[in-house]
Structure formats: C-alpha cells, structure tokens
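Here is the structure we will look at, set down as structure tokens.
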Amino acid sequence: MKKIIKYLDKPLLITTIILFIFGLIMIFSASNVVAYMSYNVSASHYFLKQALFLFVGFILFLIMIMVPTKTYKVLSWILLIIFSISLVILLIFIAPKNKAQSWFDLGPISIQPSEFIKVIIIVWLACFYESKQKKLNTYTTSLFPIFICLGIALLIFLQPDLGTTIIFCAIVAAIFFAVPISKEIKKRTVFLAVGLVAFAAVIFISTGSQLLQKRQLERFDFFKPCDKLLTTGNQVCNCYIAINNGGLTGTGLGNSTQKYLYLPEPYTDFIFAIVVEELGVLTGIALILTYIFIIYRILLIGRNSTTNRGATMCYGIAIYIFLHIAVNLLGIFGLMPMTGVPLPFMSYGGSFTICLIAALSIVQRVNIETGLAREKELR
C-alpha cells in the first residue's frame, strides 16, 4: 500500500480533489432554489446526493488503484456485454424519461448505462488492440472493434442521445487513430465512413425520413439565441445573462439570479454559467486553466507508461474529459447546439461522477504501474 501511495500522481490527485469539492459547493449553490421551489424537497437534497456519489466514487477509487490493469482485458469484455445488453433493454422495455430512454430508475437513484459504456469502451479498445498488436495490419482485426462500437453508438443514438453518441464516436475514432494500425487501413476506413454517412443521408432525404427528432433539429437553430428567448434560445440566452451578471468578480457565492427558475436545472448542464455569475469570469478562466492542467497530467502519464495498454487508456480518458468540457462549454457559449453533456467535476449526476472517478482511478493505476516497473528495472 505504501508503494501505491508513493506512485500516485500527487498533482493530479490534489487538483481533482479540489475540483470535486468546489463542484460540490457549486451544486449546492445552484440547486437549492430549484430543489425547494420545483421539486418540493430540501434545499440540500442534490448536495447530499452528490456527496453520496462522491463517497461511493472514493470507495471505488481505493479499490481500482489496487487492481492491475492486466486484469482489465477479461473485465472489460464482461462489462461491455452487460452494458450493451442494458442499452437494448432500455430501448425495448423502459418508458421514456424527459423524452429519452437513457436511465434505469432504481428507487432514489437513476443509472445511465451510456455514461458507463464510454469509459468501458476506452478500456476495452486499449486491451483489445494491445492483445492483437501483431495483427493490426489486417482489416479483420483492426476493424472488428469499430463495428462493435458502431452497433453501440446506434443503440445510444436511438435513445435518443445525440450528445453522448457524438462523444462516444469521437472517443472511438481518437483511439483508432492513436493505435499503431497501418495508415492504409486508417485511410480506407475514413473513406468508407464518409461514404456510409453520405449514402445514409441520401437514403433518408430521398425517402422523406428524418434522422433526427424535431426537438433535436431545433437545437441546431442556436445562432443569436436571445432573439429566440421565448423558444429555442431560452437556455443559452439565460446563460449569457448569467455570465454578464457575473462580470469579472461575480455577484457572490449563492447570489445568482438565473438559478431562480430562469435556467432549467442549473446544477447540471448549465452550472458553468452559475459559477461565472456568482464567482466571476476570472474564476471561470481559472477553472478552464485547471481543466487544461488535468488533461496535461493525464497525457503525461500516458506518454510515460511502460505499456501500450496504459498509454492508450490515458489518451482515451484525456479525450473523454476534453470532449465533455468542450461540448458543454461550446453549447453554453452558443458556438454549437446544446446536447445535454455534463461538465466534469461540476455537474450534478451519479452516473457521470462515478464514471469520471473510475476514469481518473485508471489513470492513477497506470502511473502506479509505471513507477513500479521502473523501480523493478533499477534493482
């Protein structure tokens, strides 16, 4: 245990703990009004639930840093099968919630399988490509995981969950181009993917079908949101108002006005706007810089890893965190459609919080194994 603690990446660990605590404070500030006025529960309801999620995540962290990544190969297959089946069950048997079939309601908590499968697919792809590294010049071996991932992406898309589908596909694509597959296979795969997308688009247009639902199409009308304040621009325009209210230094912790039912569920997808309104643009910039530091540390751990498995997992997790940050913030700033993607460390949510902690635990385990391997070499 002493060696495990010794080889934890302390800068990454300390930074993530600070962000989780900061996020917990902001969740309380952003959710207390909505909890009491909209859901008739205690003002600390979401704060306490998020604290419970963090506690569960902490227990998971203590377990995962003890488990060697070489055991992930079998475990990732098992989890991939279980969560893929759960996505099928959602579509067939579970009634829509908020117009989407994305959650299993288990009493006081809800589980979102698509969140878990994003982390599972990173581990599975890393283990698969490492185990088949001598056969990566064959189409069968190289593209087998891609077809599996396309099937999973389709299941997520049909929920419908466009934001998660985009992030899932981007993670898979990033890992595919990161592993040492021949350039010829990668190039032909890109041409095939573009051709399939074009073919599907032609089919849908010619038959008069719509690939996206009406509410999804409305999200693409994201330009000049304040001109559409009473319709599709309501959420983003209120984010603008919150950010403008905050100025450089903010209105003070707990003093947001936009959380008074102007922003729907301000403690989830829109929490960055509340952070800036209460603590100012300077705090928002500091938060973004902290995100950059975390991604840098993860990439550094991946680069120093003694195994391809460890490096690929770290690179995949860095992409996973980056995409959530980018998609969330670009949506809030009105630079792309809002897709309901949580902001790491800040947004309320059990599934995403536990998955994020699991991902960071994997990174720490890779760093531990790198330290142990180098210590063994010096003996």
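By order in the structure tokens, chains are A, B, ...; within a chain, residues start at 1; ligands start at 1, following the order shown.
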
With a cut-off of 9 Å, could you pull out the residues of region 287-321 of chain A touching region 110-119 of chain A and give me the nearest pair of atoms for each, distance in Å to one decimal, using only C-alpha atoms, ordered by chain and ascending number, as a Markdown table?
```
| residue | atom | partner | partner_atom | distance |
| --- | --- | --- | --- | --- |
| A:Gly316 | CA | A:Val119 | CA | 8.6 |
| A:Ile317 | CA | A:Val119 | CA | 7.5 |
| A:Tyr320 | CA | A:Lys118 | CA | 7.8 |
```

Could the residues in this selection be written to a file with all heavy atoms, as a PDB file, in the first residue's frame?
```
ATOM      1  N   GLY A 316      -7.201   7.927 -24.195  1.00  0.00           N
ATOM      2  CA  GLY A 316      -8.654   7.857 -24.349  1.00  0.00           C
ATOM      3  C   GLY A 316      -9.377   8.635 -23.264  1.00  0.00           C
ATOM      4  O   GLY A 316     -10.372   9.331 -23.536  1.00  0.00           O
ATOM      5  N   ILE A 317      -8.892   8.540 -22.035  1.00  0.00           N
ATOM      6  CA  ILE A 317      -9.524   9.254 -20.917  1.00  0.00           C
ATOM      7  C   ILE A 317      -9.317  10.757 -21.043  1.00  0.00           C
ATOM      8  O   ILE A 317     -10.210  11.554 -20.719  1.00  0.00           O
ATOM      9  CB  ILE A 317      -8.989   8.709 -19.576  1.00  0.00           C
ATOM     10  CG1 ILE A 317      -9.553   7.297 -19.347  1.00  0.00           C
ATOM     11  CG2 ILE A 317      -9.368   9.627 -18.403  1.00  0.00           C
ATOM     12  CD1 ILE A 317      -8.870   6.511 -18.264  1.00  0.00           C
ATOM     13  N   TYR A 320     -11.829  11.797 -23.490  1.00  0.00           N
ATOM     14  CA  TYR A 320     -13.142  11.697 -22.831  1.00  0.00           C
ATOM     15  C   TYR A 320     -13.436  12.951 -22.005  1.00  0.00           C
ATOM     16  O   TYR A 320     -14.508  13.556 -22.123  1.00  0.00           O
ATOM     17  CB  TYR A 320     -13.122  10.437 -21.962  1.00  0.00           C
ATOM     18  CG  TYR A 320     -14.191  10.306 -20.910  1.00  0.00           C
ATOM     19  CD1 TYR A 320     -15.508  10.028 -21.255  1.00  0.00           C
ATOM     20  CD2 TYR A 320     -13.870  10.402 -19.554  1.00  0.00           C
ATOM     21  CE1 TYR A 320     -16.481   9.862 -20.282  1.00  0.00           C
ATOM     22  CE2 TYR A 320     -14.833  10.233 -18.575  1.00  0.00           C
ATOM     23  CZ  TYR A 320     -16.133   9.970 -18.940  1.00  0.00           C
ATOM     24  OH  TYR A 320     -17.092   9.807 -17.966  1.00  0.00           O
TER      25      TYR A 320
END
```

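Straight-line separation from CA of Ser182 (chain A) to CA of Lys135 (chain A): 10.4 Å.
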
Point to revise | Residue list (helix (DSSP H, G or I), DSSP) for region 64-282 of chain A, as number ranges by chain | key: A: 64, 69-93, 113-131, 133-135, 139-157, 162-178, 183-207, 214-218, 225-228, 234-246, 271-279, 281-282

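Straight-line separation from CA of Lys10 (chain A) to CA of Gln364 (chain A): 9.4 Å.
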
Review point. In region 73-283 of chain A, what's strand (DSSP E) per DSSP? Answer as a PyMOL selection string?
Key: chain A and resi 104-106+109-111

Please save N, CA and C atoms of the selected residues as an mmCIF file, in the first residue's frame.
```cif
data_model
loop_
_atom_site.group_PDB
_atom_site.id
_atom_site.type_symbol
_atom_site.label_atom_id
_atom_site.label_comp_id
_atom_site.auth_asym_id
_atom_site.auth_seq_id
_atom_site.Cartn_x
_atom_site.Cartn_y
_atom_site.Cartn_z
ATOM 1 N N PHE A 104 -32.131 3.837 -16.080
ATOM 2 C CA PHE A 104 -32.834 2.854 -15.262
ATOM 3 C C PHE A 104 -33.132 3.523 -13.924
ATOM 4 N N ASP A 105 -34.386 3.632 -13.566
ATOM 5 C CA ASP A 105 -34.760 4.212 -12.272
ATOM 6 C C ASP A 105 -34.766 3.119 -11.214
ATOM 7 N N LEU A 106 -33.880 3.254 -10.248
ATOM 8 C CA LEU A 106 -33.765 2.279 -9.159
ATOM 9 C C LEU A 106 -34.046 2.980 -7.842
ATOM 10 N N ILE A 109 -32.226 6.482 -6.956
ATOM 11 C CA ILE A 109 -31.153 6.798 -7.901
ATOM 12 C C ILE A 109 -31.516 6.327 -9.307
ATOM 13 N N SER A 110 -30.851 6.910 -10.301
ATOM 14 C CA SER A 110 -31.008 6.506 -11.694
ATOM 15 C C SER A 110 -29.634 6.158 -12.247
ATOM 16 N N ILE A 111 -29.580 5.128 -13.081
ATOM 17 C CA ILE A 111 -28.326 4.708 -13.702
ATOM 18 C C ILE A 111 -28.430 4.921 -15.201
#
```

**Study point:** Residue nearest Phe293 (chain A) among A:Ile243, A:Val56, A:Leu12, A:Ile148 (counting only C-alpha atoms)
**Key:** A:Leu12

Check your understanding: Looking at only C-alpha atoms, which of A:Ala311, A:Val276, A:Ile82, A:Ile285 is the one that sits closest to Cys127 (chain A)?
Key ->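 Under the stated criterion, the closest residue is A:Ala311.
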
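For Ile319 (chain A), the non-local neighbours within 10 Å, defined as residues at least 4 positions apart in the same chain or in other chains and counting only C-alpha atoms, are Ile122, Ile167, Ala170, Ile171, Val172, Ala174, Ile175, Ile295, Ile298, Leu299, Met313, Cys314, Tyr315, Leu323, His324 and Ile325 of chain A.
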
Give me the residues within 9 Å of Ser305 (chain A) as a PDB file with C-alpha atoms, in the first residue's frame, counting only C-alpha atoms and dropping any in the same chain fewer than 2 places off.
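That gives us part39.pdb:
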```pdb
ATOM      1  CA  LEU A 300       1.973  12.971 -19.484  1.00  0.00           C
ATOM      2  CA  ILE A 301       1.142   9.804 -17.547  1.00  0.00           C
ATOM      3  CA  GLY A 302       0.112   8.141 -20.810  1.00  0.00           C
ATOM      4  CA  ARG A 303       3.342   9.177 -22.536  1.00  0.00           C
ATOM      5  CA  THR A 307       2.695  -0.450 -21.743  1.00  0.00           C
ATOM      6  CA  ASN A 308       0.678   0.348 -24.872  1.00  0.00           C
ATOM      7  CA  ARG A 309      -2.413  -0.593 -22.861  1.00  0.00           C
ATOM      8  CA  GLY A 310      -1.739   2.040 -20.236  1.00  0.00           C
ATOM      9  CA  ALA A 311      -0.841   4.725 -22.777  1.00  0.00           C
ATOM     10  CA  CYS A 314      -4.741   7.504 -20.657  1.00  0.00           C
ATOM     11  CA  VAL A 366      -1.312   3.331 -14.910  1.00  0.00           C
ATOM     12  CA  ASN A 367       1.013   5.782 -13.151  1.00  0.00           C
ATOM     13  CA  GLU A 369       2.370   0.519 -12.615  1.00  0.00           C
ATOM     14  CA  THR A 370       4.837   2.772 -14.434  1.00  0.00           C
ATOM     15  CA  GLY A 371       6.513   3.631 -11.126  1.00  0.00           C
TER      16      GLY A 371
END
```

Review point. Could you name the residues that touch Lys183 (chain A) at 12 Å or less, counting only C-alpha atoms, but leaving out those on the same chain fewer than 3 positions away, as a list in words?
Key: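 Non-adjacent residues within range: Leu136, Asn137, Thr138, Tyr139, Ser142, Phe176, Phe177, Ala178, Val179, Pro180, Lys186, Lys187, Arg188, Thr189 and Val190 of chain A.
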
Leaving out region 19-22 of chain A and any residue of its chain fewer than 6 positions from it, which residues lie within 10 Å of it when counting only C-alpha atoms, given as a PDB file with C-alpha atoms, in the first residue's frame?
```
ATOM      1  CA  GLN A  50     -23.843  14.355  -4.899  1.00  0.00           C
ATOM      2  CA  ALA A  51     -21.863  13.950  -1.670  1.00  0.00           C
ATOM      3  CA  LEU A  54     -18.541  11.189  -4.328  1.00  0.00           C
ATOM      4  CA  LEU A 287     -11.486  26.665 -13.966  1.00  0.00           C
ATOM      5  CA  THR A 290      -7.323  23.861 -14.278  1.00  0.00           C
ATOM      6  CA  TYR A 291      -9.009  21.590 -16.815  1.00  0.00           C
ATOM      7  CA  PRO A 344     -16.627  17.350 -15.456  1.00  0.00           C
ATOM      8  CA  PHE A 345     -16.290  17.846 -11.679  1.00  0.00           C
ATOM      9  CA  MET A 346     -19.053  20.494 -11.670  1.00  0.00           C
ATOM     10  CA  SER A 347     -22.320  18.986 -12.912  1.00  0.00           C
ATOM     11  CA  THR A 353     -19.472  11.370 -11.391  1.00  0.00           C
ATOM     12  CA  ILE A 357     -13.751   8.942 -10.807  1.00  0.00           C
TER      13      ILE A 357
END
```
